[in-house]
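For reference, input-v1.txt (compact mmCIF, C-alpha atoms and all ligand atoms):
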# COMPACT_ATOMS: atom_id res chain seq x y z
CA MET A 1 28.87 -10.03 3.54
CA ALA A 2 27.63 -6.83 5.19
CA ALA A 3 27.10 -6.94 8.98
CA ILE A 4 24.04 -4.69 8.69
CA THR A 5 21.84 -4.24 5.63
CA LEU A 6 18.90 -1.83 5.67
CA ARG A 7 16.53 -1.73 2.71
CA GLU A 8 13.95 1.02 2.26
CA LEU A 9 13.73 1.25 6.02
CA THR A 10 10.83 3.46 7.08
CA LYS A 11 9.64 4.35 10.55
CA VAL A 12 6.49 6.36 11.03
CA TYR A 13 5.68 7.03 14.69
CA PRO A 14 2.10 7.01 15.93
CA GLY A 15 1.01 10.57 15.26
CA GLY A 16 2.63 10.57 11.85
CA VAL A 17 6.26 11.68 12.26
CA ARG A 18 8.27 9.98 9.48
CA ALA A 19 11.56 9.51 11.36
CA LEU A 20 13.08 7.19 8.72
CA ASP A 21 12.18 7.58 5.08
CA ALA A 22 13.00 4.58 2.83
CA LEU A 23 16.58 4.54 4.03
CA ASP A 24 19.12 2.21 2.38
CA LEU A 25 22.41 1.41 4.11
CA GLU A 26 25.04 -1.33 4.22
CA ILE A 27 27.62 -1.49 6.98
CA ALA A 28 30.58 -3.83 6.50
CA ASP A 29 31.74 -6.44 8.95
CA GLY A 30 34.12 -4.90 11.51
CA GLU A 31 33.47 -1.34 10.39
CA PHE A 32 33.38 1.62 12.80
CA PHE A 33 30.53 3.63 11.36
CA ALA A 34 29.43 7.10 12.56
CA LEU A 35 25.95 8.57 12.10
CA LEU A 36 26.01 12.34 12.06
CA GLY A 37 23.27 14.91 11.60
CA PRO A 38 21.15 17.55 13.32
CA SER A 39 18.86 16.81 16.23
CA GLY A 40 15.64 15.17 15.07
CA CYS A 41 17.04 13.77 11.78
CA GLY A 42 16.40 10.16 12.88
CA LYS A 43 19.76 8.92 14.23
CA SER A 44 18.37 7.41 17.45
CA THR A 45 15.41 5.93 15.62
CA LEU A 46 17.78 4.27 13.18
CA LEU A 47 19.76 2.65 16.00
CA ARG A 48 16.64 1.66 17.90
CA THR A 49 15.15 0.10 14.79
CA ILE A 50 18.33 -1.92 14.17
CA ALA A 51 18.20 -3.03 17.82
CA GLY A 52 14.51 -3.89 17.52
CA LEU A 53 13.44 -1.41 20.21
CA GLU A 54 11.31 0.21 17.50
CA GLU A 55 9.47 -1.81 14.89
CA ALA A 56 10.04 -0.88 11.25
CA THR A 57 6.92 0.46 9.56
CA GLU A 58 8.22 -0.69 6.15
CA GLY A 59 11.42 -2.09 4.72
CA SER A 60 13.87 -4.57 6.21
CA VAL A 61 16.74 -5.00 8.65
CA ARG A 62 19.30 -7.76 8.11
CA LEU A 63 22.11 -8.69 10.50
CA GLY A 64 24.61 -10.75 8.52
CA ASP A 65 22.50 -13.09 6.41
CA GLU A 66 19.55 -13.10 8.81
CA ASP A 67 16.42 -11.02 8.27
CA VAL A 68 15.57 -9.70 11.75
CA THR A 69 12.90 -7.18 10.73
CA ARG A 70 10.32 -8.90 12.94
CA THR A 71 12.73 -10.41 15.49
CA PRO A 72 12.27 -9.14 19.07
CA PRO A 73 15.21 -7.16 20.56
CA GLY A 74 16.23 -9.88 23.01
CA ARG A 75 16.84 -12.26 20.12
CA ARG A 76 18.93 -9.91 18.00
CA ASN A 77 22.66 -10.27 18.43
CA VAL A 78 23.33 -6.59 19.18
CA GLY A 79 24.50 -4.61 22.22
CA MET A 80 23.30 -1.07 22.72
CA VAL A 81 24.64 1.79 24.83
CA PHE A 82 22.24 4.67 25.46
CA GLN A 83 23.09 8.34 25.87
CA ASP A 84 22.04 8.33 29.54
CA TYR A 85 23.48 4.78 29.92
CA ALA A 86 20.07 3.54 31.22
CA LEU A 87 21.70 1.53 34.00
CA PHE A 88 19.38 -0.06 36.52
CA PRO A 89 19.94 2.01 39.68
CA HIS A 90 18.88 -0.67 42.16
CA MET A 91 21.16 -3.34 40.67
CA THR A 92 24.86 -3.87 41.34
CA VAL A 93 27.43 -3.47 38.57
CA THR A 94 27.53 -7.25 38.18
CA ASP A 95 23.76 -7.53 37.79
CA ASN A 96 23.66 -4.59 35.39
CA ILE A 97 26.34 -6.16 33.21
CA ALA A 98 24.73 -9.60 33.39
CA TYR A 99 21.25 -8.29 32.51
CA PRO A 100 21.29 -9.15 28.77
CA LEU A 101 22.31 -12.70 29.70
CA ARG A 102 19.31 -12.94 31.98
CA ILE A 103 17.14 -11.99 29.01
CA LYS A 104 18.85 -14.82 27.13
CA LYS A 105 18.07 -17.16 30.05
CA ALA A 106 21.69 -17.95 30.94
CA SER A 107 22.14 -19.59 34.36
CA ARG A 108 23.27 -17.51 37.35
CA PRO A 109 26.84 -18.94 37.42
CA GLU A 110 27.15 -18.37 33.66
CA ARG A 111 25.96 -14.79 34.06
CA HIS A 112 28.39 -14.03 36.86
CA LYS A 113 31.31 -15.58 35.02
CA ALA A 114 30.59 -13.60 31.86
CA ALA A 115 30.05 -10.38 33.84
CA ALA A 116 33.35 -10.80 35.70
CA GLU A 117 35.16 -11.46 32.43
CA VAL A 118 33.79 -8.37 30.66
CA ALA A 119 34.33 -6.25 33.80
CA GLY A 120 37.98 -7.34 33.75
CA GLU A 121 38.35 -6.31 30.12
CA LEU A 122 36.96 -2.86 30.89
CA GLY A 123 38.88 -2.30 34.11
CA LEU A 124 35.83 -2.53 36.37
CA ASP A 125 37.01 -5.39 38.62
CA GLY A 126 37.01 -3.38 41.82
CA LEU A 127 33.50 -2.02 41.29
CA LEU A 128 31.38 -5.15 40.85
CA GLY A 129 29.43 -4.79 44.09
CA ARG A 130 28.62 -1.10 43.70
CA ARG A 131 25.44 0.47 42.40
CA PRO A 132 25.43 3.01 39.54
CA GLY A 133 24.84 5.92 41.98
CA GLU A 134 28.21 5.17 43.57
CA LEU A 135 30.15 5.47 40.30
CA SER A 136 31.64 8.40 38.37
CA GLY A 137 30.29 9.31 34.93
CA GLY A 138 33.20 7.60 33.21
CA GLN A 139 32.72 4.44 35.26
CA GLN A 140 28.99 4.39 34.51
CA GLN A 141 29.79 4.68 30.84
CA ARG A 142 32.09 1.66 31.06
CA VAL A 143 29.42 -0.34 32.87
CA ALA A 144 26.97 0.50 30.08
CA LEU A 145 29.57 -0.63 27.56
CA ALA A 146 30.23 -3.80 29.54
CA ARG A 147 26.49 -4.54 29.59
CA ALA A 148 26.33 -4.10 25.83
CA MET A 149 29.28 -6.49 25.43
CA ALA A 150 28.24 -9.15 27.91
CA ALA A 151 26.42 -11.37 25.44
CA ARG A 152 29.27 -10.97 22.91
CA PRO A 153 27.13 -9.32 20.23
CA GLN A 154 28.05 -9.13 16.54
CA VAL A 155 27.12 -5.46 16.52
CA PHE A 156 27.51 -2.54 18.95
CA LEU A 157 25.04 0.32 18.73
CA LEU A 158 26.22 3.41 20.58
CA ASP A 159 23.84 6.36 20.93
CA GLU A 160 25.95 9.41 21.83
CA PRO A 161 27.73 7.42 24.53
CA LEU A 162 30.27 10.16 25.22
CA SER A 163 27.98 13.17 25.43
CA ASN A 164 27.66 13.10 29.22
CA LEU A 165 31.41 13.00 29.83
CA ASP A 166 33.64 16.02 30.41
CA ALA A 167 36.29 16.89 27.81
CA ARG A 168 39.10 14.88 29.39
CA LEU A 169 37.07 11.71 29.99
CA ARG A 170 35.63 12.04 26.54
CA LEU A 171 39.05 11.92 24.93
CA GLU A 172 39.99 8.94 27.08
CA ALA A 173 36.73 7.17 26.20
CA ARG A 174 37.26 7.80 22.47
CA THR A 175 40.66 6.14 22.56
CA PHE A 176 39.29 3.33 24.64
CA LEU A 177 36.32 2.66 22.34
CA LYS A 178 38.48 2.69 19.26
CA ARG A 179 40.93 0.23 20.82
CA LEU A 180 38.09 -2.04 21.86
CA GLN A 181 36.69 -2.04 18.35
CA GLN A 182 40.11 -2.80 16.85
CA GLU A 183 40.84 -5.60 19.31
CA LEU A 184 37.43 -7.26 19.18
CA GLY A 185 36.64 -6.42 15.55
CA VAL A 186 33.00 -5.84 16.43
CA THR A 187 30.96 -3.85 13.93
CA THR A 188 30.15 -0.54 15.64
CA VAL A 189 27.54 2.06 14.76
CA PHE A 190 28.11 5.26 16.65
CA VAL A 191 25.69 8.19 16.81
CA THR A 192 27.12 11.63 17.45
CA HIS A 193 26.37 15.24 16.61
CA ASP A 194 30.05 16.07 17.01
CA GLN A 195 31.97 16.25 13.70
CA ALA A 196 35.35 16.06 15.39
CA GLU A 197 34.33 12.89 17.15
CA ALA A 198 33.14 11.30 13.91
CA LEU A 199 36.37 12.36 12.17
CA ALA A 200 38.56 10.97 14.92
CA MET A 201 36.86 7.61 15.19
CA ALA A 202 34.98 6.50 12.11
CA ASP A 203 35.98 4.38 9.12
CA ARG A 204 32.93 5.80 7.37
CA ILE A 205 30.40 8.49 8.14
CA ALA A 206 26.79 8.92 7.07
CA VAL A 207 25.26 12.36 7.39
CA MET A 208 21.51 12.11 7.93
CA GLU A 209 18.83 14.65 7.16
CA ALA A 210 15.08 14.21 7.65
CA GLY A 211 15.13 10.43 7.89
CA ARG A 212 17.45 9.89 4.94
CA ILE A 213 21.17 9.67 4.27
CA ARG A 214 22.32 12.85 2.59
CA GLN A 215 26.00 11.97 2.30
CA ILE A 216 28.12 8.89 2.98
CA GLY A 217 31.82 8.08 2.75
CA THR A 218 35.15 8.07 4.55
CA PRO A 219 35.85 11.09 6.81
CA ARG A 220 38.05 12.54 4.02
CA GLU A 221 35.29 12.17 1.47
CA VAL A 222 32.60 13.62 3.68
CA PHE A 223 34.61 16.58 4.98
CA ARG A 224 36.54 17.38 1.79
CA ARG A 225 36.49 21.09 1.05
CA PRO A 226 34.77 21.83 -2.25
P1 LIG B 301 17.86 12.19 16.42
O1 LIG B 301 18.35 11.00 17.16
O2 LIG B 301 18.59 12.42 15.14
O3 LIG B 301 17.81 13.43 17.26
P2 LIG B 301 15.27 10.89 16.60
O4 LIG B 301 15.40 9.57 15.95
O5 LIG B 301 15.29 10.96 18.08
O6 LIG B 301 16.35 11.91 15.97
O7 LIG B 301 13.91 11.57 16.12
C1 LIG B 301 13.51 11.62 14.75
C2 LIG B 301 12.11 12.25 14.66
O8 LIG B 301 11.18 11.35 15.24
C3 LIG B 301 11.96 13.55 15.42
O9 LIG B 301 11.06 14.36 14.71
C4 LIG B 301 11.38 13.13 16.75
O10 LIG B 301 10.62 14.16 17.31
C5 LIG B 301 10.49 11.96 16.34
N1 LIG B 301 10.35 10.94 17.41
C6 LIG B 301 11.35 10.30 18.05
N2 LIG B 301 10.86 9.41 18.94
C7 LIG B 301 9.52 9.50 18.87
C8 LIG B 301 8.43 8.84 19.52
N3 LIG B 301 8.66 7.88 20.44
N4 LIG B 301 7.18 9.18 19.18
C9 LIG B 301 6.95 10.13 18.23
N5 LIG B 301 7.91 10.79 17.57
C10 LIG B 301 9.19 10.48 17.87
P1 LIG B 302 10.85 0.08 27.42
O1 LIG B 302 9.86 0.96 28.12
O2 LIG B 302 11.63 0.82 26.36
O3 LIG B 302 10.31 -1.23 26.97
P2 LIG B 302 12.27 -1.55 29.33
O4 LIG B 302 11.37 -1.63 30.53
O5 LIG B 302 12.36 -2.70 28.40
O6 LIG B 302 11.96 -0.20 28.53
O7 LIG B 302 13.75 -1.22 29.82
C1 LIG B 302 14.03 -0.22 30.79
C2 LIG B 302 15.33 0.43 30.44
O8 LIG B 302 16.39 -0.53 30.31
C3 LIG B 302 15.24 1.12 29.10
O9 LIG B 302 15.68 2.46 29.28
C4 LIG B 302 16.16 0.41 28.17
O10 LIG B 302 16.98 1.38 27.56
C5 LIG B 302 17.03 -0.47 29.07
N1 LIG B 302 17.12 -1.84 28.52
C6 LIG B 302 16.09 -2.67 28.25
N2 LIG B 302 16.53 -3.83 27.76
C7 LIG B 302 17.88 -3.75 27.70
C8 LIG B 302 18.92 -4.62 27.29
N3 LIG B 302 18.69 -5.84 26.81
N4 LIG B 302 20.18 -4.20 27.37
C9 LIG B 302 20.44 -2.99 27.82
N5 LIG B 302 19.51 -2.12 28.24
C10 LIG B 302 18.24 -2.48 28.19
Now that the file is in, can you turn its structure into structure tokens?
Amino acid sequence: MAAITLRELTKVYPGGVRALDALDLEIADGEFFALLGPSGCGKSTLLRTIAGLEEATEGSVRLGDEDVTRTPPGRRNVGMVFQDYALFPHMTVTDNIAYPLRIKKASRPERHKAAAEVAGELGLDGLLGRRPGELSGGQQQRVALARAMAARPQVFLLDEPLSNLDARLRLEARTFLKRLQQELGVTTVFVTHDQAEALAMADRIAVMEAGRIRQIGTPREVFRRP
């Protein structure tokens, strides 16, 4: 069964912009899937609609065999990393990581245990008491990733998570993300405008244009010279 199934998914923003236009897409369980396309083609909207941060205007979103089209974001089993990480500046690393578990009403000891565990997996053990302002860009990115993982989601949604890193950290983060996905087998949807990044990381790539998918396939299929 597909991990994510989108049927005729349409998002029209107030004001009339049609950011998604009857888009159909199936993403397989465990797949590392890249969304590529020019600025404004609807990549972020697609991720946000899967996460439930935007409500679909028409069409449906399924996660596994569950229709979540009208399910609020806190009750969807997804973890999202934003381009600017969107960490809470006044909270410690532990509280940032544990935040999704608070939304799910886990107890304080449960939250701290889960946060410490994920922090260990991402090499953040020494940083638990710090606040985001006291971390490097690469460390902040790992905290954002840890927060997305804390509730052990079925699906990771990554919105240009590497775009604020310098070239060296970016390469390191690519390798790291890929390893994480292989070890945990979590279905990952990754937005980028960087072809090389999509090529290096994705099992499959969809190229979007004006709220639709223009092309879809393996990196070889999508980038094959005519
Ligand atoms: P991408 O991530 O590919 O750059 P977006 O999903 O951010 O594209 O945007 C798709 C289209 O929807 C663009 O025309 C953008 O201006 C518009 N859009 C995005 N967010 C909003 C919003 N909150 N309100 C109105 N229009 C929006
Ligand atoms: P919004 O105005 O979009 O409703 P919120 O007040 O819910 O924003 O959240 C503030 C910031 O925290 C947002 O930038 C959002 O990206 C981030 N955020 C909200 N909920 C979560 C969550 N469950 N996991 C990770 N980040 C979240």
Within 10 Å of ligand LIG 301 (chain B), which residues of chain A come that close, and what is the closest atom pair and distance in Å for each? Count only C-alpha atoms and all ligand atoms and give it as a tab-separated table.
residue	atom	partner	partner_atom	distance
A:Lys11	CA	B:LIG301	O8	8.6
A:Val12	CA	B:LIG301	N5	8.0
A:Tyr13	CA	B:LIG301	C9	4.9
A:Pro14	CA	B:LIG301	C9	6.2
A:Gly15	CA	B:LIG301	C9	6.7
A:Gly16	CA	B:LIG301	C9	7.7
A:Val17	CA	B:LIG301	N5	5.6
A:Arg18	CA	B:LIG301	O8	6.6
A:Ala19	CA	B:LIG301	O8	4.3
A:Leu20	CA	B:LIG301	C1	7.5
A:Leu35	CA	B:LIG301	O2	8.8
A:Leu36	CA	B:LIG301	O2	8.0
A:Gly37	CA	B:LIG301	O2	6.4
A:Pro38	CA	B:LIG301	O2	6.0
A:Ser39	CA	B:LIG301	O3	3.7
A:Gly40	CA	B:LIG301	O6	3.5
A:Cys41	CA	B:LIG301	O2	3.9
A:Gly42	CA	B:LIG301	O4	3.3
A:Lys43	CA	B:LIG301	O2	3.8
A:Ser44	CA	B:LIG301	O1	3.6
A:Thr45	CA	B:LIG301	O4	3.7
A:Leu46	CA	B:LIG301	O4	6.4
A:Leu47	CA	B:LIG301	O4	8.2
A:Arg48	CA	B:LIG301	O4	8.2
A:Thr49	CA	B:LIG301	O4	9.5
A:Glu54	CA	B:LIG301	N3	8.6
A:Asp159	CA	B:LIG301	O1	8.1
A:Glu160	CA	B:LIG301	O1	9.1
A:Val191	CA	B:LIG301	O1	7.9
A:Thr192	CA	B:LIG301	O1	8.8
A:His193	CA	B:LIG301	O2	8.4
A:Met208	CA	B:LIG301	O2	7.8
A:Glu209	CA	B:LIG301	O2	8.3
A:Ala210	CA	B:LIG301	C1	7.7
A:Gly211	CA	B:LIG301	C1	7.1
May I ask you to write as number ranges by chain all residues lying at most 8 Å from ligand LIG 302 (chain B), with all atoms listed in the file counted?
A: 53, 73-74, 79-82, 85-88, 99-100, 103, 144, 147-148
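Among the candidate residues A:Leu128, A:Ala3, A:Ala116, A:Ala200, the one lying nearest to Met91 (chain A) is A:Leu128, with distances computed using only C-alpha atoms.
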Env of Phe223 (chain A): 9 Å cut, atoms = all atoms listed in the file, seq-sep filter 4 positions within chain, self excluded. Answer as a ChimeraX atom specification.
/A:199,218-219
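For the atom pair formed by CA of Glu55 (chain A) and CA of Glu8 (chain A), the distance is 13.7 Å, given to one decimal.
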Which residue of A:Glu221, A:Thr10, A:Val143, A:Asp65 approaches Asp29 (chain A) most closely, using all atoms listed in the file:
A:Asp65
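Nearest to Leu101 (chain A) of all the residues A:Leu180, A:Ala198, A:Ala151, A:Val207 is A:Ala151, based on only C-alpha atoms.
Nearest to Arg70 (chain A) of all the residues A:Gly52, A:Gly133, A:Pro89, A:Pro161 is A:Gly52, based on all atoms listed in the file.
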Write out as a PyMOL selection string which residues come within 7 Å of region 152-156 of chain A when counting all atoms listed in the file, dropping same-chain ones fewer than 3 positions away.
chain A and resi 77-80+149+186-189
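Distance-wise, CA of Ala206 (chain A) and CA of Leu184 (chain A) end up 22.8 Å apart.
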If I take CA of Met1 (chain A) and CA of Ala28 (chain A), how far is one from the other in Å, to one decimal?
7.1 Å
Considering all atoms listed in the file, return as a PyMOL selection string whatever protein or nucleic-acid residues lie within 10 Å of Asp166 (chain A), sequence-local ones (same chain, fewer than 5 positions apart) excluded.
chain A and resi 137-138+171
Could you list, as a VMD selection string, every residue within 10 Å of Arg7 (chain A), counting all atoms listed in the file and ignoring same-chain residues fewer than 2 positions away?
chain A and resid 5 9 to 10 22 to 26 58 to 62
Using only the atoms of region 52-66 of chain A listed in the file, plus 5 Å on each side, state the axis-aligned box centre and edge lengths in Å rounded to one decimal, as JSON.
{"center_x": 15.8, "center_y": -6.3, "center_z": 12.5, "size_x": 27.7, "size_y": 23.6, "size_z": 25.5}
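Nearest to Arg214 (chain A) of all the residues A:Asp21, A:Gly129, A:Thr57, A:Ala119 is A:Asp21, based on all atoms listed in the file.
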(41.1, -1.0, 31.2) in this file's frame - what residues fall within 12 Å of it? Use only C-alpha atoms and give the answer as a PyMOL selection string.
chain A and resi 118-126+138-139+142-143+146+172-173+175-177+179-180
